[in-house]
$ cat data_26.cif   # mmCIF, C-alpha atoms
data_input
loop_
_atom_site.label_atom_id
_atom_site.label_comp_id
_atom_site.auth_asym_id
_atom_site.auth_seq_id
_atom_site.Cartn_x
_atom_site.Cartn_y
_atom_site.Cartn_z
CA MET A 666 -18.21 -33.10 -3.52
CA SER A 667 -14.91 -34.83 -4.09
CA ARG A 668 -11.56 -33.27 -3.21
CA LEU A 669 -10.79 -32.91 -6.93
CA GLN A 670 -14.05 -31.04 -7.51
CA ILE A 671 -13.32 -28.74 -4.58
CA ARG A 672 -9.86 -27.97 -5.94
CA PHE A 673 -11.29 -27.32 -9.40
CA THR A 674 -13.94 -25.00 -7.97
CA VAL A 675 -11.40 -23.06 -5.92
CA MET A 676 -8.99 -22.71 -8.84
CA SER A 677 -11.80 -21.67 -11.21
CA SER A 678 -13.00 -19.06 -8.73
CA LEU A 679 -9.51 -17.66 -8.33
CA LEU A 680 -9.02 -17.54 -12.09
CA ALA A 681 -12.36 -15.79 -12.57
CA LEU A 682 -11.42 -13.30 -9.86
CA LEU A 683 -8.09 -12.57 -11.54
CA LEU A 684 -9.74 -12.01 -14.91
CA ALA A 685 -12.59 -9.93 -13.54
CA PHE A 686 -10.53 -7.10 -12.13
CA PRO A 687 -8.26 -4.63 -13.87
CA THR A 688 -4.68 -5.07 -12.85
CA ARG A 689 -1.52 -3.08 -12.53
CA PRO A 690 1.66 -5.04 -12.18
CA GLN A 691 3.85 -2.74 -10.16
CA ALA A 692 3.76 -4.40 -6.77
CA GLN A 693 5.64 -2.08 -4.45
CA GLU A 694 7.66 -4.59 -2.46
CA ASN A 695 11.23 -5.27 -3.45
CA TYR A 696 12.10 -7.68 -0.67
CA PHE A 697 10.78 -10.55 1.46
CA VAL A 698 11.75 -9.36 4.93
CA THR A 699 12.76 -5.72 4.58
CA TYR A 700 10.14 -3.00 4.13
CA THR A 701 10.65 0.17 2.12
CA HIS A 702 8.81 3.49 2.25
CA HIS A 703 6.80 2.58 -0.83
CA MET A 704 3.17 2.27 0.13
CA GLU A 705 0.26 0.58 -1.62
CA GLU A 706 -1.69 2.96 -3.85
CA PRO A 707 -4.95 4.11 -2.28
CA GLY A 708 -7.85 1.82 -3.08
CA THR A 709 -5.64 -0.95 -4.46
CA LEU A 710 -5.66 -4.47 -3.06
CA GLU A 711 -2.62 -6.65 -3.48
CA ILE A 712 -2.80 -10.35 -2.79
CA SER A 713 0.48 -12.16 -2.52
CA ASN A 714 1.94 -15.34 -1.29
CA LYS A 715 5.34 -15.42 0.35
CA SER A 716 6.80 -18.84 0.94
CA VAL A 717 10.00 -20.08 2.45
CA THR A 718 11.39 -23.57 2.39
CA GLY A 719 14.25 -24.96 4.43
CA PHE A 720 15.98 -28.28 4.92
CA PRO A 721 17.41 -28.46 8.44
CA GLN A 722 19.90 -31.33 8.76
CA GLU A 723 18.58 -32.50 12.11
CA GLY A 724 14.92 -31.88 11.37
CA ASN A 725 12.32 -32.23 8.67
CA ALA A 726 12.12 -30.09 5.57
CA PHE A 727 9.39 -27.46 5.78
CA LEU A 728 7.45 -25.02 3.66
CA GLY A 729 6.15 -21.96 5.48
CA SER A 730 3.70 -19.68 3.70
CA ALA A 731 2.06 -16.36 4.36
CA MET A 732 -0.90 -15.21 2.29
CA GLU A 733 -0.88 -11.44 2.33
CA PHE A 734 -3.78 -9.08 1.68
CA GLU A 735 -2.46 -5.55 1.42
CA TYR A 736 -4.71 -2.55 0.95
CA GLY A 737 -3.88 1.09 0.39
CA VAL A 738 -6.19 2.94 2.75
CA LYS A 739 -4.58 6.29 1.99
CA ALA A 740 -1.50 7.31 0.05
CA TRP A 741 0.28 7.47 3.43
CA TRP A 742 -1.40 4.48 5.14
CA THR A 743 -1.21 0.82 4.14
CA SER A 744 -2.94 -1.98 5.99
CA GLU A 745 -2.20 -5.69 5.68
CA LEU A 746 -3.60 -9.00 6.84
CA TYR A 747 -1.44 -12.12 6.78
CA LEU A 748 -2.69 -15.69 7.07
CA ASP A 749 0.14 -18.05 7.95
CA GLY A 750 0.44 -21.78 7.44
CA GLN A 751 3.11 -24.39 7.04
CA THR A 752 3.72 -27.93 6.02
CA THR A 753 6.51 -30.06 7.44
CA ALA A 754 7.63 -33.29 5.84
CA ASN A 755 6.68 -36.41 7.84
CA GLU A 756 4.63 -34.27 10.22
CA SER A 757 1.61 -32.18 9.21
CA THR A 758 0.16 -29.23 7.34
CA ILE A 759 -1.35 -26.65 9.63
CA PHE A 760 -2.71 -23.13 9.86
CA THR A 761 -0.51 -21.24 12.26
CA GLY A 762 -2.22 -17.90 12.76
CA TRP A 763 -2.70 -14.36 11.48
CA ARG A 764 -1.09 -10.98 11.60
CA LEU A 765 -2.54 -7.52 11.16
CA GLU A 766 -0.20 -4.69 10.34
CA ASN A 767 -0.40 -1.02 9.53
CA ARG A 768 2.26 1.22 8.05
CA PHE A 769 2.15 4.99 8.22
CA ARG A 770 4.28 7.45 6.34
CA PRO A 771 4.52 10.57 8.54
CA LEU A 772 6.29 12.82 6.00
CA MET A 773 4.20 13.68 2.98
CA ARG A 774 7.11 14.36 0.63
CA GLU A 775 10.10 12.44 -0.64
CA HIS A 776 13.25 13.04 1.38
CA TRP A 777 16.83 11.81 1.44
CA ILE A 778 15.72 9.29 4.07
CA ASN A 779 12.03 8.47 4.33
CA PRO A 780 10.73 7.10 7.62
CA VAL A 781 7.71 4.82 7.93
CA LEU A 782 6.15 3.69 11.21
CA TYR A 783 4.99 0.09 11.36
CA PHE A 784 2.65 -1.50 13.90
CA GLU A 785 1.71 -5.16 13.90
CA PHE A 786 -0.30 -7.52 16.05
CA GLU A 787 0.39 -11.22 15.63
CA ASN A 788 -1.76 -14.06 16.83
CA ILE A 789 0.25 -17.09 15.82
CA ASN A 790 1.37 -20.29 17.47
CA SER A 791 4.75 -21.83 18.04
CA ALA A 792 4.51 -23.94 14.89
CA ASP A 793 4.68 -20.87 12.65
CA LYS A 794 7.46 -21.12 10.05
CA ALA A 795 6.70 -18.15 7.79
CA LEU A 796 9.96 -16.44 8.86
CA LEU A 797 8.69 -12.99 7.97
CA GLU A 798 11.21 -11.54 10.38
CA VAL A 799 13.98 -12.76 12.66
CA VAL A 800 14.16 -11.26 16.15
CA GLY A 801 15.64 -11.96 19.55
CA HIS A 802 17.27 -15.37 19.79
CA ASP A 803 15.26 -16.95 16.97
CA GLY A 804 17.28 -19.75 15.40
CA ILE A 805 17.29 -23.12 13.75
CA SER A 806 16.54 -24.87 17.04
CA ASP A 807 12.96 -23.49 16.84
CA PHE A 808 12.47 -25.56 13.68
CA LEU A 809 13.71 -28.90 14.99
CA GLU A 810 10.79 -29.67 17.30
CA ARG A 811 7.78 -31.48 15.93
CA ASN A 812 4.81 -29.32 14.92
CA ASP A 813 3.25 -28.07 18.13
CA ARG A 814 0.46 -25.54 18.19
CA SER A 815 0.01 -25.52 21.95
CA GLU A 816 1.97 -22.35 22.64
CA LYS A 817 0.14 -19.20 21.56
CA GLU A 818 2.20 -16.20 20.59
CA ARG A 819 0.27 -12.97 20.81
CA GLU A 820 2.84 -10.39 19.93
CA ALA A 821 3.07 -6.70 19.23
CA GLU A 822 5.73 -5.65 16.78
CA LEU A 823 7.04 -2.19 16.05
CA LYS A 824 9.34 -1.26 13.21
CA LEU A 825 11.07 1.90 12.20
CA ILE A 826 11.49 1.71 8.46
CA LEU A 827 14.01 4.01 6.82
CA SER A 828 14.27 3.97 3.08
CA SER A 829 15.95 5.98 0.33
CA ASN A 830 16.00 6.06 -3.44
CA PHE A 831 19.24 7.14 -5.06
CA LYS A 832 20.15 6.90 -8.74
CA GLY A 833 17.82 3.97 -9.31
CA TRP A 834 18.85 2.16 -6.14
CA ASN A 835 16.54 1.55 -3.24
CA ILE A 836 18.25 1.22 0.12
CA ALA A 837 16.17 0.28 3.15
CA GLU A 838 16.87 -0.32 6.83
CA ASN A 839 14.39 -1.71 9.36
CA MET A 840 14.77 -1.68 13.13
CA ILE A 841 12.46 -4.18 14.79
CA ALA A 842 11.16 -4.43 18.36
CA GLU A 843 8.79 -7.27 19.22
CA LYS A 844 7.03 -8.12 22.45
CA ASN A 845 5.20 -11.30 23.31
CA LEU A 846 2.29 -9.93 25.34
CA SER A 847 2.45 -12.83 27.81
CA ASN A 848 5.14 -11.29 29.98
CA GLU A 849 8.12 -11.95 27.72
CA PRO A 850 10.91 -9.40 27.26
CA TRP A 851 11.19 -7.10 24.26
CA GLU A 852 13.13 -8.74 21.42
CA PHE A 853 15.03 -6.89 18.75
CA GLY A 854 16.05 -7.46 15.18
CA TYR A 855 17.15 -5.73 12.03
CA ALA A 856 16.85 -5.96 8.26
CA VAL A 857 18.77 -4.05 5.61
CA ALA A 858 18.44 -4.29 1.86
CA ALA A 859 19.33 -2.74 -1.46
CA SER A 860 18.01 -3.32 -4.97
CA ARG A 861 18.03 -1.80 -8.42
CA PRO A 862 16.16 -2.43 -11.69
CA LEU A 863 18.35 -3.86 -14.45
CA ALA A 864 17.47 -0.87 -16.62
CA LEU A 865 16.50 2.58 -15.44
CA THR A 866 14.98 3.69 -18.73
CA ALA A 867 11.88 1.98 -20.06
CA SER A 868 11.92 0.48 -23.50
CA PRO A 869 9.40 2.04 -25.92
CA ASN A 870 8.37 -1.43 -27.09
CA PRO A 871 5.84 -3.56 -25.25
CA CYS A 872 7.72 -6.39 -23.59
CA THR A 873 7.46 -8.78 -20.70
CA PHE A 874 11.07 -9.79 -20.24
CA CYS A 875 12.79 -6.48 -20.92
CA ARG A 876 15.44 -5.40 -18.44
CA GLU A 877 13.36 -2.68 -16.79
CA ASN A 878 10.95 -5.35 -15.49
CA PHE A 879 13.69 -7.20 -13.63
CA SER A 880 15.34 -6.02 -10.46
CA LEU A 881 18.26 -7.47 -8.55
CA GLY A 882 19.12 -6.90 -4.94
CA ALA A 883 20.02 -8.43 -1.64
CA GLU A 884 18.86 -8.27 1.93
CA MET A 885 20.44 -9.13 5.25
CA TYR A 886 18.46 -9.73 8.41
CA GLY A 887 18.80 -11.21 11.84
CA GLY A 888 18.14 -11.02 15.56
CA LEU A 889 19.71 -8.72 18.10
CA GLY A 890 18.80 -10.50 21.31
CA ASP A 891 16.35 -9.19 23.85
CA ARG A 892 16.11 -6.60 26.57
CA TYR A 893 18.24 -8.63 28.97
CA SER A 894 20.78 -9.95 26.49
CA PHE A 895 21.06 -7.42 23.70
CA GLY A 896 23.67 -8.21 21.07
CA LEU A 897 24.70 -10.86 18.61
CA ASN A 898 25.24 -13.70 21.07
CA ASN A 899 23.04 -16.73 20.29
CA THR A 900 21.26 -15.03 17.40
CA SER A 901 20.78 -15.99 13.76
CA HIS A 902 21.56 -13.98 10.63
CA TYR A 903 21.00 -14.38 6.92
CA ILE A 904 22.06 -12.83 3.66
CA ALA A 905 19.87 -13.32 0.62
CA PRO A 906 20.16 -12.14 -2.98
CA ILE A 907 16.80 -11.42 -4.62
CA VAL A 908 15.62 -11.37 -8.19
CA ALA A 909 12.19 -9.98 -9.06
CA LEU A 910 10.17 -9.88 -12.26
CA ARG A 911 7.21 -7.56 -12.68
CA THR A 912 5.24 -8.62 -15.72
CA PRO A 913 3.43 -5.72 -17.39
CA GLN A 914 -0.03 -7.29 -17.54
CA GLY A 915 0.19 -9.89 -14.84
CA PRO A 916 1.64 -10.92 -11.54
CA SER A 917 5.02 -10.16 -10.01
CA PHE A 918 7.43 -12.93 -9.09
CA GLN A 919 10.27 -12.97 -6.60
CA LEU A 920 12.94 -15.53 -5.85
CA SER A 921 15.54 -15.37 -3.12
CA PRO A 922 18.03 -18.00 -1.96
CA GLY A 923 19.14 -17.19 1.58
CA PHE A 924 22.28 -18.27 3.36
CA GLY A 925 22.76 -18.56 7.09
CA LEU A 926 25.74 -16.68 8.49
CA ASN A 927 26.32 -18.59 11.72
CA GLN A 928 25.67 -21.87 13.55
CA ASN A 929 22.26 -20.75 14.83
CA SER A 930 20.97 -20.07 11.33
CA HIS A 931 19.51 -22.36 8.72
CA GLY A 932 22.23 -23.21 6.25
CA PHE A 933 20.00 -22.49 3.29
CA LEU A 934 16.54 -21.04 2.82
CA LEU A 935 14.73 -20.60 -0.46
CA ARG A 936 12.07 -17.93 -0.61
CA PHE A 937 9.66 -17.42 -3.47
CA GLY A 938 6.68 -15.19 -3.88
CA VAL A 939 3.99 -14.14 -6.29
CA SER A 940 1.76 -11.11 -6.02
CA TYR A 941 -1.15 -9.69 -7.95
CA GLU A 942 -2.83 -6.33 -7.65
CA PHE A 943 -6.49 -5.40 -8.04
CA ASN A 944 -6.66 -1.75 -8.99
CA GLN A 945 -9.09 0.62 -7.38
CA PHE A 946 -10.68 -2.29 -5.58
CA ALA A 947 -12.87 -0.04 -3.43
CA ASN A 948 -14.33 1.76 -6.46
CA LEU A 949 -15.47 -1.51 -7.98
CA TRP A 950 -17.72 -2.11 -5.02
CA ARG A 951 -19.02 1.45 -5.05
CA LYS A 952 -20.35 0.92 -8.58
CA MET B 917 -24.06 30.87 23.00
CA LYS B 918 -25.86 27.56 23.40
CA PRO B 919 -23.90 24.30 23.03
CA ALA B 920 -26.08 23.30 20.08
CA GLN B 921 -25.17 26.53 18.25
CA VAL B 922 -21.47 25.92 18.93
CA ILE B 923 -21.77 22.42 17.47
CA VAL B 924 -23.60 23.70 14.36
CA ILE B 925 -20.99 26.43 13.80
CA ALA B 926 -18.17 23.94 14.32
CA ILE B 927 -19.73 21.56 11.79
CA CYS B 928 -20.16 24.41 9.29
CA LEU B 929 -16.54 25.48 9.73
CA LEU B 930 -15.36 21.90 9.35
CA LEU B 931 -17.42 21.41 6.18
CA SER B 932 -16.20 24.71 4.76
CA ALA B 933 -12.60 23.81 5.46
CA THR B 934 -13.10 20.39 3.87
CA LEU B 935 -14.70 21.90 0.77
CA LEU B 936 -11.97 24.53 0.50
CA LEU B 937 -9.30 21.88 0.79
CA ALA B 938 -11.06 19.71 -1.77
CA ALA B 939 -11.39 22.66 -4.15
CA ALA B 940 -7.78 23.67 -3.67
CA GLY B 941 -6.47 20.12 -3.69
CA ASP B 942 -6.44 19.73 -7.45
CA GLY B 943 -3.93 22.45 -8.16
CA LEU B 944 -2.39 23.46 -4.89
CA TRP B 945 0.62 21.24 -5.42
CA VAL B 946 1.97 23.56 -8.13
CA THR B 947 2.57 26.28 -5.55
CA LYS B 948 4.63 23.90 -3.42
CA VAL B 949 7.21 23.01 -6.05
CA PRO B 950 10.62 24.44 -5.10
CA ASP B 951 12.10 26.78 -7.70
CA LYS B 952 15.10 24.55 -8.36
CA ASP B 953 12.77 21.66 -9.23
CA ARG B 954 10.39 23.84 -11.21
CA SER B 955 13.11 24.83 -13.65
CA ARG B 956 14.66 21.38 -14.15
CA PRO B 957 14.72 20.42 -17.81
CA ASN B 958 13.49 17.04 -19.06
CA PRO B 959 16.59 15.13 -20.23
CA PHE B 960 14.44 13.37 -22.82
CA ASP B 961 12.51 16.50 -23.81
CA ALA B 962 10.30 15.67 -26.81
CA SER B 963 12.10 12.50 -27.84
CA PRO B 964 9.58 10.27 -29.68
CA ALA B 965 11.07 7.16 -28.05
CA ALA B 966 10.66 8.70 -24.60
CA GLN B 967 7.07 9.71 -25.38
CA THR B 968 6.26 6.17 -26.52
CA ALA B 969 7.94 4.67 -23.47
CA GLY B 970 6.15 7.24 -21.30
CA ALA B 971 2.81 6.24 -22.81
CA LYS B 972 3.58 2.62 -21.95
CA LEU B 973 4.54 3.53 -18.40
CA PHE B 974 1.43 5.69 -18.06
CA LYS B 975 -0.75 2.77 -19.14
CA GLN B 976 0.97 0.46 -16.67
CA ASN B 977 1.04 2.75 -13.66
CA CYS B 978 -1.36 5.66 -14.05
CA SER B 979 -4.28 4.66 -16.25
CA SER B 980 -6.09 2.71 -13.54
CA CYS B 981 -6.81 6.04 -11.82
CA HIS B 982 -6.54 8.65 -14.56
CA GLY B 983 -8.06 6.58 -17.39
CA ASP B 984 -6.51 5.00 -20.46
CA HIS B 985 -6.45 8.34 -22.27
CA ALA B 986 -5.79 10.50 -19.18
CA GLU B 987 -9.41 11.59 -19.30
CA GLY B 988 -9.98 11.01 -15.57
CA LYS B 989 -11.85 8.20 -13.88
CA GLY B 990 -14.31 8.33 -11.01
CA HIS B 991 -13.10 10.94 -8.56
CA HIS B 992 -9.58 10.89 -10.05
CA PRO B 993 -8.86 14.01 -12.12
CA SER B 994 -8.41 14.28 -15.85
CA LEU B 995 -4.94 15.23 -17.01
CA LEU B 996 -6.29 16.80 -20.22
CA THR B 997 -6.28 20.18 -18.57
CA GLU B 998 -4.67 23.55 -19.10
CA ARG B 999 -2.94 23.14 -15.75
CA VAL B 1000 -1.05 20.02 -16.85
CA ASN B 1001 -0.44 21.48 -20.29
CA SER B 1002 1.09 24.65 -18.91
CA ALA B 1003 3.06 23.00 -16.09
CA THR B 1004 6.81 22.87 -16.60
CA PRO B 1005 8.43 19.43 -16.98
CA GLY B 1006 10.16 20.01 -13.65
CA GLU B 1007 6.83 20.63 -11.91
CA LEU B 1008 5.34 17.43 -13.31
CA GLU B 1009 8.38 15.37 -12.38
CA TRP B 1010 8.27 16.85 -8.85
CA LEU B 1011 4.62 15.81 -8.54
CA LEU B 1012 5.39 12.27 -9.71
CA THR B 1013 8.27 12.03 -7.24
CA ASN B 1014 6.49 13.45 -4.20
CA GLY B 1015 2.85 12.79 -4.96
CA SER B 1016 0.15 14.80 -3.30
CA MET B 1017 -0.58 12.34 -0.56
CA LYS B 1018 -3.19 14.32 1.28
CA ASN B 1019 -5.20 14.42 -1.94
CA GLY B 1020 -4.73 10.74 -2.71
CA MET B 1021 -1.95 11.01 -5.30
CA PRO B 1022 0.79 8.56 -4.26
CA SER B 1023 4.49 9.13 -4.67
CA TRP B 1024 5.97 7.37 -7.70
CA SER B 1025 9.50 7.49 -6.39
CA ARG B 1026 9.62 3.71 -6.77
CA LEU B 1027 10.01 4.31 -10.50
CA PRO B 1028 13.55 5.33 -11.48
CA GLU B 1029 13.94 9.03 -12.21
CA GLN B 1030 14.48 8.32 -15.91
CA GLN B 1031 11.10 6.61 -16.13
CA ARG B 1032 9.40 9.52 -14.38
CA TRP B 1033 10.88 11.85 -16.99
CA GLN B 1034 9.61 9.52 -19.73
CA ILE B 1035 6.11 9.83 -18.26
CA VAL B 1036 6.54 13.61 -18.25
CA SER B 1037 7.47 13.44 -21.95
CA PHE B 1038 4.19 11.65 -22.58
CA LEU B 1039 2.16 14.05 -20.41
CA LYS B 1040 3.45 16.97 -22.41
CA THR B 1041 1.92 15.45 -25.55
CA LEU B 1042 -1.58 15.63 -24.05
CA GLN B 1043 -3.85 18.35 -25.32
CA PRO B 1044 -6.33 20.09 -23.01
CA SER B 1045 -9.90 19.00 -23.51
CA SER B 1046 -12.90 21.28 -23.10
CA THR B 1047 -14.78 18.39 -21.48
CA ALA B 1048 -12.02 17.62 -18.98
CA LYS B 1049 -13.34 16.91 -15.49
#
$ encode --input "data_26.cif" --output "structure tokens"
Amino acid sequence: MSRLQIRFTVMSSLLALLLAFPTRPQAQENYFVTYTHHMEEPGTLEISNKSVTGFPQEGNAFLGSAMEFEYGVKAWWTSELYLDGQTTANESTIFTGWRLENRFRPLMREHWINPVLYFEFENINSADKALLEVVGHDGISDFLERNDRSEKEREAELKLILSSNFKGWNIAENMIAEKNLSNEPWEFGYAVAASRPLALTASPNPCTFCRENFSLGAEMYGGLGDRYSFGLNNTSHYIAPIVALRTPQGPSFQLSPGFGLNQNSHGFLLRFGVSYEFNQFANLWRK
Amino acid sequence: MKPAQVIVIAICLLLSATLLLAAAGDGLWVTKVPDKDRSRPNPFDASPAAQTAGAKLFKQNCSSCHGDHAEGKGHHPSLLTERVNSATPGELEWLLTNGSMKNGMPSWSRLPEQQRWQIVSFLKTLQPSSTAK
């Protein structure tokens, strides 16, 4: 089978899969890096792709991608699998590993501040460029070396997610602690974000591009050093506006240009994502 | 008492508790609504535009579980019931905001409050059905 035939088969299969399942457009994520207290609905599977591209001056341009499979196990428990890969200009395209994460919402009601506990295990290698979080002394220097998969990074990551909804705004703060299990120190990071739909009231008319389907926001994230050198010294930080469109009968789209805030950061990062939900995925198999 | 008897009794108690919880799960949330929320009025009330917008939001967010006509789907309950019909707008909005997570109903706090009230406007147009599950 030729490469063209393989591509056609894969695309046809994906299209058939998309058409075969009922969908609901309201993906619950507002941001690329910051998590909120909004969980996946029970029984629903969301498949999304989060990509980031950067153009380091002293290195090669890259595109890092994470394919995300998110499933609502319970209304208070969401589980996710990420498959990471990247392509770097003049170097190679490689699979860089996987991540398994679980989020638990300990309080069963909506509060002023809603905590969520996040646990993740990562099995990635040093060539990973998905940039799903920034911790410790992560910086642009990690992206200047040629693709090298020799160093395995088996890491445990904990997050305390705090999130609030107020007058249409969502405000979220994440505190991150990450540990490479091969005798590396704990590393820390943060992410904060806020967003709001363009309209709080839904239009009575069916529409794809009405204001209620768009949301605007921004997130800021960065590293906070490690156990032995906690603080802002030799860390990288970013601020990134975000625009999202949730189409009523189709996928959700997100776009976010990010700007580095110091010398250790990439000057510019462009993130884009698309997600699609399969409603009551588990029930379909039960039938 | 023999260990086997203890195990059987424990299993019976566990099953009974599960069945009781399942039986109570459908309507127990009403008793948990704080009084100040229970009496909150719907700012849109019976506005036709809000009902139409609420129907659209219901289709987009709720119908995958509760059915296109709120008739229930699989193990998800029908909303064509006397309980929904007699609930105050404040009670319904409280349920949409908080969910009933132990019973599988997620929180819809991600929707702006105005849109939750629009859904309530639509829910109040539903008539109880004698065949409701």
$ interface_residues --input "data_26.cif" --of "chain A" --to "chain B" --cutoff "9 Å" --atoms "all atoms listed in the file" --output "VMD selection string"
chain A and resid 687 to 691 693 703 to 707 739 to 741 773 to 776 830 to 835 861 to 862 864 to 871 913 to 914 944 to 945 948
$ write_last_selection --input "data_26.cif" --atoms "C-alpha atoms" --output "PDB file, in the coordinates of the input"
ATOM      1  CA  PRO A 687      -8.260  -4.630 -13.870  1.00  0.00           C
ATOM      2  CA  THR A 688      -4.680  -5.070 -12.850  1.00  0.00           C
ATOM      3  CA  ARG A 689      -1.520  -3.080 -12.530  1.00  0.00           C
ATOM      4  CA  PRO A 690       1.660  -5.040 -12.180  1.00  0.00           C
ATOM      5  CA  GLN A 691       3.850  -2.740 -10.160  1.00  0.00           C
ATOM      6  CA  GLN A 693       5.640  -2.080  -4.450  1.00  0.00           C
ATOM      7  CA  HIS A 703       6.800   2.580  -0.830  1.00  0.00           C
ATOM      8  CA  MET A 704       3.170   2.270   0.130  1.00  0.00           C
ATOM      9  CA  GLU A 705       0.260   0.580  -1.620  1.00  0.00           C
ATOM     10  CA  GLU A 706      -1.690   2.960  -3.850  1.00  0.00           C
ATOM     11  CA  PRO A 707      -4.950   4.110  -2.280  1.00  0.00           C
ATOM     12  CA  LYS A 739      -4.580   6.290   1.990  1.00  0.00           C
ATOM     13  CA  ALA A 740      -1.500   7.310   0.050  1.00  0.00           C
ATOM     14  CA  TRP A 741       0.280   7.470   3.430  1.00  0.00           C
ATOM     15  CA  MET A 773       4.200  13.680   2.980  1.00  0.00           C
ATOM     16  CA  ARG A 774       7.110  14.360   0.630  1.00  0.00           C
ATOM     17  CA  GLU A 775      10.100  12.440  -0.640  1.00  0.00           C
ATOM     18  CA  HIS A 776      13.250  13.040   1.380  1.00  0.00           C
ATOM     19  CA  ASN A 830      16.000   6.060  -3.440  1.00  0.00           C
ATOM     20  CA  PHE A 831      19.240   7.140  -5.060  1.00  0.00           C
ATOM     21  CA  LYS A 832      20.150   6.900  -8.740  1.00  0.00           C
ATOM     22  CA  GLY A 833      17.820   3.970  -9.310  1.00  0.00           C
ATOM     23  CA  TRP A 834      18.850   2.160  -6.140  1.00  0.00           C
ATOM     24  CA  ASN A 835      16.540   1.550  -3.240  1.00  0.00           C
ATOM     25  CA  ARG A 861      18.030  -1.800  -8.420  1.00  0.00           C
ATOM     26  CA  PRO A 862      16.160  -2.430 -11.690  1.00  0.00           C
ATOM     27  CA  ALA A 864      17.470  -0.870 -16.620  1.00  0.00           C
ATOM     28  CA  LEU A 865      16.500   2.580 -15.440  1.00  0.00           C
ATOM     29  CA  THR A 866      14.980   3.690 -18.730  1.00  0.00           C
ATOM     30  CA  ALA A 867      11.880   1.980 -20.060  1.00  0.00           C
ATOM     31  CA  SER A 868      11.920   0.480 -23.500  1.00  0.00           C
ATOM     32  CA  PRO A 869       9.400   2.040 -25.920  1.00  0.00           C
ATOM     33  CA  ASN A 870       8.370  -1.430 -27.090  1.00  0.00           C
ATOM     34  CA  PRO A 871       5.840  -3.560 -25.250  1.00  0.00           C
ATOM     35  CA  PRO A 913       3.430  -5.720 -17.390  1.00  0.00           C
ATOM     36  CA  GLN A 914      -0.030  -7.290 -17.540  1.00  0.00           C
ATOM     37  CA  ASN A 944      -6.660  -1.750  -8.990  1.00  0.00           C
ATOM     38  CA  GLN A 945      -9.090   0.620  -7.380  1.00  0.00           C
ATOM     39  CA  ASN A 948     -14.330   1.760  -6.460  1.00  0.00           C
TER      40      ASN A 948
END
$ atom_distance --input "data_26.cif" --atom1 "CA of Leu782 in chain A" --atom2 "CA of Thr947 in chain B"
28.4 Å
$ closest_residue --input "data_26.cif" --among "B:Leu944, B:Ala1003, B:Leu995, B:Val949" --to "Pro1044 in chain B" --atoms "all atoms listed in the file"
B:Leu995
$ closest_residue --input "data_26.cif" --among "A:His702, A:Lys817, A:His902, A:His931" --to "Tyr886 in chain A" --atoms "all atoms listed in the file"
A:His902
$ residues_near_point --input "data_26.cif" --point "(8.0, -17.3, 8.7)" --cutoff "10 Å" --atoms "all atoms listed in the file" --output "list of chain:residue names"
A:Val698, A:Lys715, A:Ser716, A:Val717, A:Thr718, A:Leu728, A:Gly729, A:Ser730, A:Ala731, A:Asp749, A:Gly750, A:Gln751, A:Ala792, A:Asp793, A:Lys794, A:Ala795, A:Leu796, A:Leu797, A:Glu798, A:Val799
$ atom_distance --input "data_26.cif" --atom1 "CA of Arg814 in chain A" --atom2 "CA of Pro850 in chain A"
21.3 Å
$ resolve_selection --input "data_26.cif" --expression "the PyMOL selection byres ((chain A and resi 745) around 7)" --output "ChimeraX atom specification"
/A:733-736,743-744,746-747,765-767
$ residues_around --input "data_26.cif" --residues "Asp813 in chain A" --least-positions-apart "4" --cutoff "12 Å" --atoms "all atoms listed in the file" --output "PyMOL selection string"
chain A and resi 751+753+756-761+789-794+807-809+817
$ resolve_selection --input "data_26.cif" --expression "the PyMOL selection byres ((chain A and resi 924-927) around 12)" --output "NGL selection string"
:A and (719-721 or 799 or 804-805 or 883-888 or 897-907 or 921-923 or 928-936)
$ atom_distance --input "data_26.cif" --atom1 "CA of Phe727 in chain A" --atom2 "CA of Asn755 in chain A"
9.6 Å
$ decode --input "data_26.cif" --residues "range 951-963 of chain B" --atoms "C-alpha atoms" --output "PDB file, in the first residue's frame"
ATOM      1  CA  ASP B 951     -33.500  28.379  50.941  1.00  0.00           C
ATOM      2  CA  LYS B 952     -31.906  31.497  49.473  1.00  0.00           C
ATOM      3  CA  ASP B 953     -31.292  29.642  46.197  1.00  0.00           C
ATOM      4  CA  ARG B 954     -34.678  27.947  46.217  1.00  0.00           C
ATOM      5  CA  SER B 955     -36.493  31.272  46.155  1.00  0.00           C
ATOM      6  CA  ARG B 956     -34.355  33.000  43.510  1.00  0.00           C
ATOM      7  CA  PRO B 957     -36.477  34.241  40.628  1.00  0.00           C
ATOM      8  CA  ASN B 958     -35.582  33.559  36.995  1.00  0.00           C
ATOM      9  CA  PRO B 959     -34.552  36.924  35.498  1.00  0.00           C
ATOM     10  CA  PHE B 960     -35.881  35.755  32.134  1.00  0.00           C
ATOM     11  CA  ASP B 961     -39.019  34.150  33.577  1.00  0.00           C
ATOM     12  CA  ALA B 962     -41.250  33.021  30.691  1.00  0.00           C
ATOM     13  CA  SER B 963     -39.632  35.146  28.002  1.00  0.00           C
TER      14      SER B 963
END
